[in-house]
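With compact mmCIF, C-alpha atoms and all ligand atoms inside, this is run_15.txt:
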# COMPACT_ATOMS: atom_id res chain seq x y z
CA MET A 1 0.00 0.00 0.00
CA LEU A 2 2.97 2.32 0.47
CA GLU A 3 4.60 1.01 -2.73
CA GLY A 4 7.05 3.57 -4.10
CA LYS A 5 6.25 6.20 -1.48
CA LYS A 6 9.26 8.21 -0.44
CA ILE A 7 9.33 8.73 3.28
CA ILE A 8 11.76 10.59 5.53
CA LEU A 9 11.83 8.99 8.95
CA GLY A 10 13.07 11.50 11.52
CA ILE A 11 14.34 10.00 14.77
CA THR A 12 15.00 12.12 17.87
CA GLY A 13 16.44 11.46 21.31
CA SER A 14 13.87 9.43 23.18
CA ILE A 15 13.97 5.95 24.61
CA ALA A 16 11.20 5.19 22.11
CA ALA A 17 13.82 5.49 19.34
CA TYR A 18 14.14 1.70 19.45
CA LYS A 19 10.57 1.53 18.17
CA ALA A 20 11.66 3.53 15.13
CA ALA A 21 13.57 0.44 13.98
CA PHE A 22 10.30 -1.52 13.95
CA LEU A 23 8.54 1.33 12.21
CA LEU A 24 11.30 1.48 9.61
CA ARG A 25 11.05 -2.26 8.98
CA LEU A 26 7.26 -2.06 8.56
CA LEU A 27 7.55 0.87 6.14
CA ILE A 28 10.09 -1.01 4.03
CA LYS A 29 7.85 -4.10 4.10
CA GLU A 30 4.99 -1.98 2.74
CA GLY A 31 7.19 -1.02 -0.20
CA ALA A 32 8.21 2.49 0.88
CA GLU A 33 11.64 4.01 0.26
CA VAL A 34 12.83 5.39 3.56
CA GLN A 35 15.53 7.92 4.27
CA VAL A 36 16.40 8.15 7.95
CA ILE A 37 17.47 11.45 9.48
CA ILE A 38 18.58 11.22 13.07
CA THR A 39 19.41 13.92 15.61
CA PRO A 40 22.62 13.78 17.65
CA ALA A 41 20.57 12.82 20.72
CA GLY A 42 18.76 10.15 18.68
CA LYS A 43 22.12 8.43 18.04
CA GLU A 44 22.50 7.95 21.79
CA PHE A 45 19.46 5.68 21.74
CA ILE A 46 19.84 3.73 18.51
CA THR A 47 22.81 3.23 16.25
CA PRO A 48 22.86 4.48 12.67
CA VAL A 49 24.30 1.09 11.67
CA THR A 50 21.05 -0.68 12.58
CA LEU A 51 19.02 1.92 10.75
CA SER A 52 21.10 1.96 7.60
CA ALA A 53 21.03 -1.84 7.45
CA LEU A 54 17.22 -1.81 7.69
CA SER A 55 16.70 1.05 5.23
CA ASN A 56 19.47 0.08 2.85
CA ARG A 57 20.61 3.69 2.75
CA PRO A 58 23.12 5.74 4.68
CA VAL A 59 21.57 7.42 7.69
CA LEU A 60 21.82 11.21 7.67
CA GLY A 61 22.74 12.88 10.90
CA ALA A 62 24.58 16.07 10.10
CA PHE A 63 24.85 18.69 7.40
CA PHE A 64 28.52 17.87 6.84
CA GLU A 65 29.15 14.16 7.21
CA ASN A 66 32.57 13.82 5.60
CA ARG A 67 34.44 17.09 6.11
CA ASP A 68 35.31 16.93 2.39
CA GLY A 69 33.22 19.86 1.21
CA THR A 70 30.09 17.77 0.47
CA TRP A 71 26.96 18.42 2.43
CA HIS A 72 23.38 17.18 2.69
CA SER A 73 20.83 19.52 1.25
CA HIS A 74 17.79 19.77 3.52
CA VAL A 75 15.94 21.48 0.67
CA ASP A 76 16.43 18.54 -1.70
CA LEU A 77 15.39 16.11 1.02
CA GLY A 78 12.26 18.09 1.75
CA LEU A 79 11.30 18.10 -1.91
CA TRP A 80 12.12 14.42 -2.47
CA ALA A 81 9.75 13.10 0.21
CA ASP A 82 6.05 12.22 -0.09
CA ALA A 83 5.83 12.30 3.70
CA PHE A 84 8.01 13.23 6.65
CA VAL A 85 7.40 11.11 9.73
CA ILE A 86 9.04 12.18 12.98
CA ALA A 87 8.86 9.24 15.36
CA PRO A 88 9.70 9.53 18.14
CA ALA A 89 9.34 13.31 18.42
CA THR A 90 10.66 14.70 21.70
CA ALA A 91 9.38 17.82 23.46
CA ASN A 92 12.71 19.43 22.55
CA THR A 93 12.33 18.75 18.82
CA MET A 94 8.73 19.95 18.77
CA GLY A 95 9.81 23.11 20.57
CA LYS A 96 12.46 23.72 17.92
CA MET A 97 10.00 23.04 15.12
CA VAL A 98 7.65 25.66 16.55
CA THR A 99 10.29 28.29 17.14
CA GLY A 100 12.31 27.55 14.00
CA ILE A 101 15.56 26.66 15.72
CA CYS A 102 17.46 24.86 12.97
CA ASP A 103 20.46 23.52 14.81
CA ASN A 104 20.30 20.07 13.28
CA LEU A 105 19.50 18.48 9.91
CA LEU A 106 16.15 17.11 11.09
CA VAL A 107 14.54 20.41 12.11
CA THR A 108 16.08 22.20 9.14
CA THR A 109 14.56 19.62 6.79
CA TYR A 110 11.20 20.08 8.53
CA LEU A 111 11.31 23.81 7.81
CA SER A 112 11.90 23.27 4.12
CA ALA A 113 9.65 20.21 3.66
CA ARG A 114 6.72 20.69 1.30
CA CYS A 115 5.24 17.24 2.00
CA PRO A 116 2.76 16.29 4.73
CA VAL A 117 4.41 15.95 8.13
CA PHE A 118 3.48 13.34 10.75
CA ILE A 119 4.67 13.56 14.34
CA ALA A 120 4.52 10.80 16.97
CA PRO A 121 5.40 12.48 20.30
CA ALA A 122 7.21 10.48 22.97
CA MET A 123 8.12 11.69 26.43
CA ASP A 124 7.29 11.15 30.05
CA LEU A 125 3.86 12.13 31.28
CA ASP A 126 4.92 15.29 33.11
CA MET A 127 6.65 16.68 30.04
CA PHE A 128 3.69 15.70 27.90
CA GLN A 129 1.27 17.54 30.16
CA HIS A 130 3.38 20.68 30.44
CA PRO A 131 1.64 23.72 28.92
CA SER A 132 4.67 24.24 26.69
CA THR A 133 4.25 20.81 25.07
CA ILE A 134 0.48 21.17 24.83
CA GLN A 135 0.87 24.56 23.17
CA ASN A 136 3.56 23.31 20.76
CA ILE A 137 1.44 20.33 19.68
CA LYS A 138 -1.52 22.64 19.16
CA THR A 139 0.56 25.03 17.08
CA LEU A 140 2.00 22.24 14.94
CA GLN A 141 -1.52 20.95 14.32
CA GLU A 142 -2.68 24.42 13.33
CA TRP A 143 0.17 24.49 10.84
CA GLY A 144 -1.11 21.26 9.29
CA CYS A 145 1.10 18.65 10.97
CA HIS A 146 -0.60 15.33 11.64
CA VAL A 147 0.05 14.57 15.28
CA ILE A 148 -0.25 10.87 16.05
CA GLU A 149 -0.90 10.43 19.74
CA PRO A 150 -1.24 7.10 21.47
CA GLY A 151 -4.76 5.88 21.17
CA THR A 152 -6.08 2.41 20.53
CA GLY A 153 -2.67 0.93 19.69
CA ALA A 154 -0.99 1.87 22.94
CA LEU A 155 -4.06 0.98 24.94
CA ALA A 156 -4.36 -2.40 23.23
CA SER A 157 -0.81 -3.21 24.29
CA GLY A 158 -1.97 -2.83 27.87
CA LEU A 159 0.03 0.27 28.76
CA SER A 160 -1.41 3.65 29.53
CA GLY A 161 -1.45 5.98 26.54
CA LYS A 162 -0.43 9.58 27.21
CA GLY A 163 3.15 10.50 26.38
CA ARG A 164 4.08 7.10 24.95
CA MET A 165 4.92 6.88 21.30
CA GLU A 166 2.12 5.33 19.28
CA GLU A 167 2.78 1.76 18.17
CA PRO A 168 4.59 1.43 14.81
CA GLU A 169 1.72 -0.65 13.34
CA VAL A 170 -0.74 2.16 14.08
CA ILE A 171 1.54 4.80 12.58
CA VAL A 172 1.82 2.75 9.39
CA GLU A 173 -1.98 2.34 9.27
CA LYS A 174 -2.41 6.13 9.57
CA LEU A 175 0.01 6.70 6.72
CA LYS A 176 -1.79 4.17 4.55
CA THR A 177 -5.13 5.82 5.25
CA PHE A 178 -3.67 9.22 4.49
CA PHE A 179 -2.30 8.13 1.12
CA SER A 180 -5.44 6.20 0.15
CA ASP A 181 -7.58 9.25 1.01
CA SER A 182 -5.36 11.51 -1.03
CA ILE A 183 -5.86 9.40 -4.16
CA LYS A 184 -9.59 9.00 -3.61
CA LYS A 185 -11.66 10.17 -6.53
CA LYS A 186 -13.08 13.58 -5.72
CA THR A 187 -16.61 12.48 -6.58
CA LEU A 188 -18.26 14.96 -4.21
CA THR A 189 -16.38 18.10 -5.19
CA GLY A 190 -18.73 21.06 -5.22
CA LYS A 191 -21.23 19.36 -2.87
CA ARG A 192 -21.87 20.60 0.63
CA VAL A 193 -22.96 18.16 3.31
CA MET A 194 -23.98 18.78 6.92
CA VAL A 195 -23.21 16.14 9.56
CA THR A 196 -24.26 16.14 13.21
CA ALA A 197 -22.15 14.03 15.57
CA GLY A 198 -21.62 13.18 19.21
CA PRO A 199 -23.88 13.52 22.23
CA THR A 200 -25.55 16.62 23.57
CA TYR A 201 -25.21 17.87 27.15
CA GLU A 202 -28.27 19.41 28.77
CA SER A 203 -27.18 21.47 31.74
CA ILE A 204 -28.89 21.01 35.09
CA ASP A 205 -26.66 23.34 37.09
CA PRO A 206 -23.09 24.67 36.65
CA VAL A 207 -21.55 21.24 37.29
CA ARG A 208 -24.14 18.70 36.13
CA PHE A 209 -25.75 17.70 32.89
CA ILE A 210 -27.84 15.04 31.17
CA GLY A 211 -25.82 13.36 28.44
CA ASN A 212 -25.21 9.99 26.83
CA TYR A 213 -22.36 7.65 25.88
CA SER A 214 -22.06 8.67 22.23
CA SER A 215 -18.36 9.01 21.32
CA GLY A 216 -18.91 10.86 18.04
CA LYS A 217 -16.59 8.41 16.24
CA MET A 218 -19.17 7.29 13.66
CA GLY A 219 -20.14 10.85 12.71
CA PHE A 220 -16.50 11.98 12.56
CA ALA A 221 -15.58 9.02 10.32
CA ILE A 222 -18.39 10.06 7.96
CA VAL A 223 -17.10 13.63 7.96
CA GLU A 224 -13.57 12.48 7.04
CA GLU A 225 -14.89 10.25 4.26
CA LEU A 226 -16.99 13.05 2.78
CA ALA A 227 -14.03 15.45 2.84
CA ALA A 228 -11.72 12.80 1.35
CA ARG A 229 -14.10 12.70 -1.61
CA GLY A 230 -13.97 16.45 -2.01
CA ALA A 231 -17.22 17.50 -0.30
CA GLN A 232 -17.36 20.63 1.80
CA VAL A 233 -18.57 19.50 5.21
CA ASP A 234 -20.39 21.42 7.93
CA LEU A 235 -19.75 19.37 11.07
CA ILE A 236 -22.03 20.24 13.97
CA ALA A 237 -20.37 18.47 16.88
CA GLY A 238 -21.58 17.89 20.41
CA PRO A 239 -18.99 17.58 23.23
CA VAL A 240 -16.58 14.84 22.05
CA HIS A 241 -12.92 13.89 22.37
CA VAL A 242 -12.31 13.03 18.73
CA GLU A 243 -9.82 14.94 16.61
CA LEU A 244 -10.12 15.69 12.92
CA SER A 245 -7.41 15.09 10.35
CA GLY A 246 -7.32 18.79 9.59
CA SER A 247 -8.86 18.90 6.10
CA VAL A 248 -9.58 22.45 5.00
CA LEU A 249 -12.91 21.24 3.61
CA ILE A 250 -14.29 20.65 7.09
CA ASN A 251 -15.96 23.51 8.93
CA ARG A 252 -16.52 22.44 12.53
CA VAL A 253 -19.08 24.10 14.77
CA ASP A 254 -18.92 22.94 18.39
CA VAL A 255 -22.14 22.95 20.36
CA LYS A 256 -23.25 21.61 23.71
CA SER A 257 -27.01 21.34 23.96
CA ALA A 258 -29.66 20.03 21.58
CA ARG A 259 -31.04 23.55 21.21
CA GLN A 260 -27.64 24.89 20.16
CA MET A 261 -27.26 21.97 17.75
CA TYR A 262 -30.69 22.75 16.32
CA GLU A 263 -29.77 26.40 15.77
CA ALA A 264 -26.47 25.51 14.10
CA CYS A 265 -28.33 23.06 11.82
CA CYS A 266 -30.91 25.71 10.86
CA ASN A 267 -28.02 27.98 9.83
CA SER A 268 -26.33 25.33 7.72
CA PHE A 269 -28.90 22.95 6.22
CA PRO A 270 -30.49 25.41 3.74
CA TYR A 271 -27.08 25.74 2.03
CA CYS A 272 -26.38 22.00 1.87
CA ASP A 273 -27.05 19.33 -0.72
CA ALA A 274 -27.39 16.66 1.94
CA ALA A 275 -27.30 16.07 5.69
CA ILE A 276 -26.46 13.05 7.81
CA MET A 277 -27.86 13.24 11.32
CA ALA A 278 -25.49 11.04 13.31
CA ALA A 279 -25.71 12.82 16.66
CA ALA A 280 -27.24 11.19 19.70
CA VAL A 281 -29.47 14.09 20.65
CA SER A 282 -31.03 14.25 24.07
CA ASP A 283 -34.80 14.22 23.58
CA TYR A 284 -35.33 16.16 26.81
CA ALA A 285 -33.66 18.97 28.73
CA PRO A 286 -34.19 20.18 32.31
CA ALA A 287 -37.08 22.65 32.45
CA GLY A 288 -35.04 25.20 34.37
CA TYR A 289 -31.33 25.83 34.83
CA HIS A 290 -30.08 26.29 38.38
CA THR A 291 -27.52 29.08 38.31
CA SER A 292 -25.89 27.72 41.45
CA LYS A 293 -25.01 24.14 42.30
CA ILE A 294 -27.96 22.16 43.63
CA LYS A 295 -27.25 21.26 47.25
CA ARG A 296 -27.98 17.84 48.65
CA SER A 297 -31.11 17.80 50.77
CA GLY A 298 -32.50 14.92 52.72
CA GLU A 299 -35.33 14.34 50.32
CA ASN A 300 -35.54 12.87 46.83
CA LEU A 301 -34.93 15.28 44.02
CA ARG A 302 -37.17 15.72 41.01
CA ILE A 303 -35.98 17.38 37.85
CA GLU A 304 -38.67 18.29 35.40
CA LEU A 305 -37.74 17.72 31.77
CA VAL A 306 -39.09 19.45 28.69
CA ALA A 307 -38.91 18.18 25.11
CA ASN A 308 -36.03 19.29 22.92
CA PRO A 309 -36.53 19.97 19.23
CA ASP A 310 -36.33 16.83 17.10
CA ILE A 311 -33.61 18.20 14.85
CA ALA A 312 -33.85 15.51 12.17
CA LYS A 313 -37.61 15.97 11.98
CA GLU A 314 -37.29 19.75 11.71
CA MET A 315 -34.75 19.34 8.90
CA GLY A 316 -37.16 16.89 7.25
CA GLN A 317 -39.78 19.64 7.21
CA MET A 318 -37.33 22.21 5.86
CA LYS A 319 -36.02 19.85 3.18
CA ARG A 320 -36.15 21.20 -0.38
CA ASP A 321 -36.53 19.14 -3.55
CA GLY A 322 -33.21 17.53 -4.36
CA GLN A 323 -31.82 17.70 -0.83
CA ILE A 324 -31.01 14.34 0.73
CA LEU A 325 -31.57 13.76 4.44
CA ALA A 326 -30.28 10.70 6.28
CA GLY A 327 -30.64 9.72 9.90
CA PHE A 328 -29.55 7.04 12.32
CA ALA A 329 -31.66 4.81 14.48
CA LEU A 330 -30.31 3.18 17.57
CA GLU A 331 -32.78 0.55 18.66
CA THR A 332 -32.91 -2.18 21.23
CA ASP A 333 -36.12 -3.93 20.11
CA ASN A 334 -38.33 -4.17 17.01
CA GLU A 335 -35.39 -2.61 15.31
CA GLU A 336 -36.40 -2.53 11.66
CA ALA A 337 -40.02 -1.63 12.31
CA ASN A 338 -39.01 1.26 14.57
CA ALA A 339 -36.34 2.47 12.17
CA GLY A 340 -38.87 2.35 9.32
CA LYS A 341 -41.27 4.50 11.34
CA LYS A 342 -38.56 7.07 12.04
CA LEU A 343 -37.65 7.17 8.36
CA ILE A 344 -41.19 8.22 7.47
CA SER A 345 -42.01 10.45 10.45
CA LYS A 346 -38.78 12.46 10.01
CA ASN A 347 -39.08 12.59 6.21
CA LEU A 348 -35.66 10.98 5.74
CA ASP A 349 -34.39 9.53 2.48
CA PHE A 350 -32.62 6.71 4.24
CA ILE A 351 -31.92 5.60 7.76
CA VAL A 352 -28.90 3.78 9.14
CA LEU A 353 -29.91 1.27 11.76
CA ASN A 354 -27.42 0.17 14.34
CA SER A 355 -28.50 -2.29 16.87
CA LEU A 356 -27.27 -2.26 20.45
CA ALA A 357 -28.01 -5.99 20.54
CA GLN A 358 -25.13 -6.70 18.12
CA ALA A 359 -21.72 -7.36 19.66
CA GLY A 360 -19.20 -4.80 18.40
CA ALA A 361 -21.86 -2.30 17.39
CA GLY A 362 -22.99 0.87 19.07
CA PHE A 363 -21.61 3.64 21.23
CA MET A 364 -18.26 2.87 22.84
CA THR A 365 -16.76 0.64 20.15
CA ASP A 366 -14.51 1.25 17.15
CA THR A 367 -16.61 -1.10 15.04
CA ASN A 368 -20.19 -1.03 13.87
CA ARG A 369 -22.71 -3.22 12.11
CA ILE A 370 -25.39 -1.43 10.16
CA THR A 371 -28.47 -1.96 8.03
CA ILE A 372 -29.65 0.79 5.71
CA LEU A 373 -33.38 1.16 5.00
CA ASN A 374 -34.83 3.42 2.33
CA ARG A 375 -38.25 4.82 1.48
CA GLU A 376 -38.97 2.01 -0.97
CA ASN A 377 -38.73 -0.35 1.98
CA LYS A 378 -35.53 -1.85 0.60
CA LYS A 379 -32.92 -2.86 3.11
CA GLU A 380 -29.21 -3.44 2.74
CA GLU A 381 -27.29 -5.25 5.45
CA PHE A 382 -23.57 -4.78 6.02
CA ALA A 383 -20.99 -6.88 7.86
CA LEU A 384 -19.28 -5.87 11.12
CA LYS A 385 -16.58 -3.38 10.14
CA SER A 386 -14.44 -0.59 11.55
CA LYS A 387 -16.34 2.70 11.83
CA ARG A 388 -14.07 4.06 9.10
CA ASP A 389 -15.17 1.35 6.69
CA VAL A 390 -18.80 1.75 7.74
CA ALA A 391 -18.44 5.43 6.87
CA VAL A 392 -17.29 4.44 3.38
CA ASP A 393 -20.48 2.32 2.95
CA ILE A 394 -22.72 5.14 4.18
CA VAL A 395 -21.08 7.75 1.94
CA ASP A 396 -21.24 5.33 -1.02
CA TYR A 397 -24.98 5.02 -0.38
CA LEU A 398 -25.44 8.78 -0.12
CA GLU A 399 -23.30 9.44 -3.19
CA LYS A 400 -25.49 7.22 -5.37
CA LEU A 401 -28.51 9.35 -4.43
CA MET A 402 -26.67 12.62 -5.06
CA ILE A 403 -25.12 12.06 -8.45
N1 LIG B 501 -32.51 13.10 16.28
C1 LIG B 501 -32.44 14.46 16.21
N2 LIG B 501 -32.96 15.22 17.22
C2 LIG B 501 -33.51 14.64 18.31
C3 LIG B 501 -33.56 13.25 18.40
C4 LIG B 501 -33.05 12.50 17.36
O1 LIG B 501 -31.92 15.00 15.22
N3 LIG B 501 -33.99 15.41 19.28
C5 LIG B 501 -32.02 12.32 15.15
C6 LIG B 501 -30.79 11.48 15.42
O2 LIG B 501 -29.61 12.19 15.09
C7 LIG B 501 -31.01 10.30 14.50
C8 LIG B 501 -32.50 10.13 14.46
O3 LIG B 501 -33.03 11.40 14.81
O4 LIG B 501 -30.56 10.56 13.20
C9 LIG B 501 -33.08 9.08 15.35
O5 LIG B 501 -32.59 9.23 16.65
P1 LIG B 501 -33.08 8.28 17.83
O6 LIG B 501 -32.54 8.76 19.12
O7 LIG B 501 -32.87 6.84 17.44
O8 LIG B 501 -34.63 8.50 17.74
P2 LIG B 501 -35.68 9.39 18.47
O9 LIG B 501 -36.39 10.12 17.42
O10 LIG B 501 -35.09 10.19 19.58
O11 LIG B 501 -36.63 8.28 19.03
P3 LIG B 501 -36.57 7.36 20.36
O12 LIG B 501 -35.53 7.99 21.24
O13 LIG B 501 -37.94 7.45 20.86
O14 LIG B 501 -36.20 5.99 19.88

Written as structure tokens, how would this file's structure read?
Amino acid sequence: MLEGKKIILGITGSIAAYKAAFLLRLLIKEGAEVQVIITPAGKEFITPVTLSALSNRPVLGAFFENRDGTWHSHVDLGLWADAFVIAPATANTMGKMVTGICDNLLVTTYLSARCPVFIAPAMDLDMFQHPSTIQNIKTLQEWGCHVIEPGTGALASGLSGKGRMEEPEVIVEKLKTFFSDSIKKKTLTGKRVMVTAGPTYESIDPVRFIGNYSSGKMGFAIVEELAARGAQVDLIAGPVHVELSGSVLINRVDVKSARQMYEACCNSFPYCDAAIMAAAVSDYAPAGYHTSKIKRSGENLRIELVANPDIAKEMGQMKRDGQILAGFALETDNEEANAGKKLISKNLDFIVLNSLAQAGAGFMTDTNRITILNRENKKEEFALKSKRDVAVDIVDYLEKLMI
């Protein structure tokens, strides 16, 4: 999948540098050409001999390797590469990248690189949580760097995530996804699609709310897939902890409550060709908001709830000819019958049913198993897949109706 891709692997001075050898081997196995650049501190953790044997190329560590007048051009390197992957990236290197301190070949190459840059930070937890590191990571992301932080890979290996370098297998997967997205046919260029995602929080008092377990992962995967195909996406997101890849086609509006989500949708939907309502919206909100924290009293507490707008239904009423509206149904019983009813009552064009009864499907997982129902009462069932692949199926389905 990475056949012929030219990758610079930047290695800095962290104990995780040993993992870079595994990463390098995996990249080579996938067919990539890899040029290693190592910092002086990086050499303290792993020897260039190991790396040059694995990459079949000399490892670059300094501007002037031979003291014979020849030197390594950081500009040429930056132009040669299809991607620059810095793994592990120390707090020190990220700090230099942000401030432009070019005292080694690695940071200098970063400053002249025109290719996408991926960074896998590695450091101890205290350094990782320092405001300086947090700010530097944020800045690098704003500048378009893809920061790969430990997520499922590190957690799957049984060790706590934060500060550890992401596992080499996961880094390779991210690169493969990135390259496959970049060659995706831009079949939705010129289309604008609204997506709602995540839960909503309905405030009770300054410290409490009514919410749900929605992670937002399904909606965010749909957003990424739409953008990868060239669509402009209005993402209306409830409170979630999911990051976006940083596509310029995605316009993210963060909201908290169902009412705020409704208002954001009213502002966006009229300008869209389609909408996918993937948010888990709270159907009710507390009737009144307590401006100060509710104190414990001896007695039971009652909170009166009032109905929230049904956003999908409201969009169904606003829908113009030619606009496509899709919703989700999360059901525990009489799944298809209930989903079919929602499809009609909300005036949807299709509904994606995910069943909580299915293992691997639903809120807290990375996988999902869906059935799509349409207005002609036709249903299409899909196998258990990653949410990313489910997003591909959903966007395929939508695309057929739009083109
Ligand atoms: N939805 C919405 N606004 C709401 C409730 C739901 O936009 N206030 C949308 C969801 O995003 C989803 C679809 O409607 O696309 C169905 O959501 P679901 O919670 O399954 O259905 P409800 O209509 O809330 O019905 P119930 O909770 O009674 O099953």

Selection near Met97 of chain A, 8 Å with all atoms listed in the file, sequence-local residues under 4 positions removed, as a ChimeraX atom specification: /A:93,101-102,107,110-111

Selection above as a file: C-alpha atoms, as a PDB file, keeping the file's coordinate frame:
ATOM      1  CA  THR A  93      12.330  18.750  18.820  1.00  0.00           C
ATOM      2  CA  ILE A 101      15.560  26.660  15.720  1.00  0.00           C
ATOM      3  CA  CYS A 102      17.460  24.860  12.970  1.00  0.00           C
ATOM      4  CA  VAL A 107      14.540  20.410  12.110  1.00  0.00           C
ATOM      5  CA  TYR A 110      11.200  20.080   8.530  1.00  0.00           C
ATOM      6  CA  LEU A 111      11.310  23.810   7.810  1.00  0.00           C
TER       7      LEU A 111
END

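With all atoms listed in the file as the basis for measurement, A:Tyr262 is the residue among A:Tyr18, A:Phe84, A:Phe45, A:Tyr262 that approaches ligand LIG 501 (chain B) most closely.
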
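Considering the residues A:Ala258, A:Ile344, A:Leu384, A:Val75 and counting only C-alpha atoms and all ligand atoms, ligand LIG 501 (chain B) has its shortest atom-to-atom contact with A:Ala258.
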
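Of the residues listed (A:Pro58, A:Ser215, A:Glu149, A:Met123), A:Glu149 shows the shortest atom-to-atom separation from Glu167 of chain A; distances use only C-alpha atoms.
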
Counting only C-alpha atoms, the residue of A:Val242, A:Ala197, A:Ile311, A:Val207 that sits nearest Arg259 of chain A: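 Smallest distance to Arg259 of chain A is found for A:Ile311.
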
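Atom CA of Pro121 of chain A sits 27.7 Å away from atom CA of Leu235 of chain A.
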
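Proximity to Gly216 of chain A was assessed for A:Thr200, A:Ser292, A:Gln232, A:Thr99 counting only C-alpha atoms; the smallest distance is recorded for A:Thr200.
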
Expected answer as a PyMOL selection string: residues within 7 Å of ligand LIG 501 (chain B), all atoms listed in the file: chain A and resi 196+258+277-283+308-313+326-331+342

Residues as selected, C-alpha atoms, written as a compact mmCIF listing (two decimals), keeping the file's coordinate frame, can you do that?
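This went into result.txt:
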# COMPACT_ATOMS: atom_id res chain seq x y z
CA THR A 196 -24.26 16.14 13.21
CA ALA A 258 -29.66 20.03 21.58
CA MET A 277 -27.86 13.24 11.32
CA ALA A 278 -25.49 11.04 13.31
CA ALA A 279 -25.71 12.82 16.66
CA ALA A 280 -27.24 11.19 19.70
CA VAL A 281 -29.47 14.09 20.65
CA SER A 282 -31.03 14.25 24.07
CA ASP A 283 -34.80 14.22 23.58
CA ASN A 308 -36.03 19.29 22.92
CA PRO A 309 -36.53 19.97 19.23
CA ASP A 310 -36.33 16.83 17.10
CA ILE A 311 -33.61 18.20 14.85
CA ALA A 312 -33.85 15.51 12.17
CA LYS A 313 -37.61 15.97 11.98
CA ALA A 326 -30.28 10.70 6.28
CA GLY A 327 -30.64 9.72 9.90
CA PHE A 328 -29.55 7.04 12.32
CA ALA A 329 -31.66 4.81 14.48
CA LEU A 330 -30.31 3.18 17.57
CA GLU A 331 -32.78 0.55 18.66
CA LYS A 342 -38.56 7.07 12.04

For the atom pair atom CA of Val98 of chain A and atom CA of Gln141 of chain A, what is the interatomic distance in Å to one decimal place?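 That distance, rounded to one decimal, is 10.5 Å.
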
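Excluding Thr108 of chain A itself and any same-chain residue fewer than 4 positions from it, the protein and nucleic acid residues within 10 Å of it, counting only C-alpha atoms, are Phe63, Ser73, His74, Val75, Gly78, Lys96, Met97, Gly100, Ile101, Cys102, Asp103, Asn104, Ser112 and Ala113 of chain A.
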
Shell of 9 Å around Gly144 of chain A, only C-alpha atoms, local chain residues under 5 positions omitted, as an MDAnalysis selection string: chainID A and resid 116:117 139 245:247

Considering all atoms listed in the file, state which residue in the set A:Lys138, A:Arg192, A:Ile38, A:Ile148 is at the smallest distance from Leu106 of chain A.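 Nearest to Leu106 of chain A: A:Ile38.
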
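Across the structure, atom CA of Lys5 of chain A and atom CA of Glu33 of chain A are spaced 6.1 Å apart.
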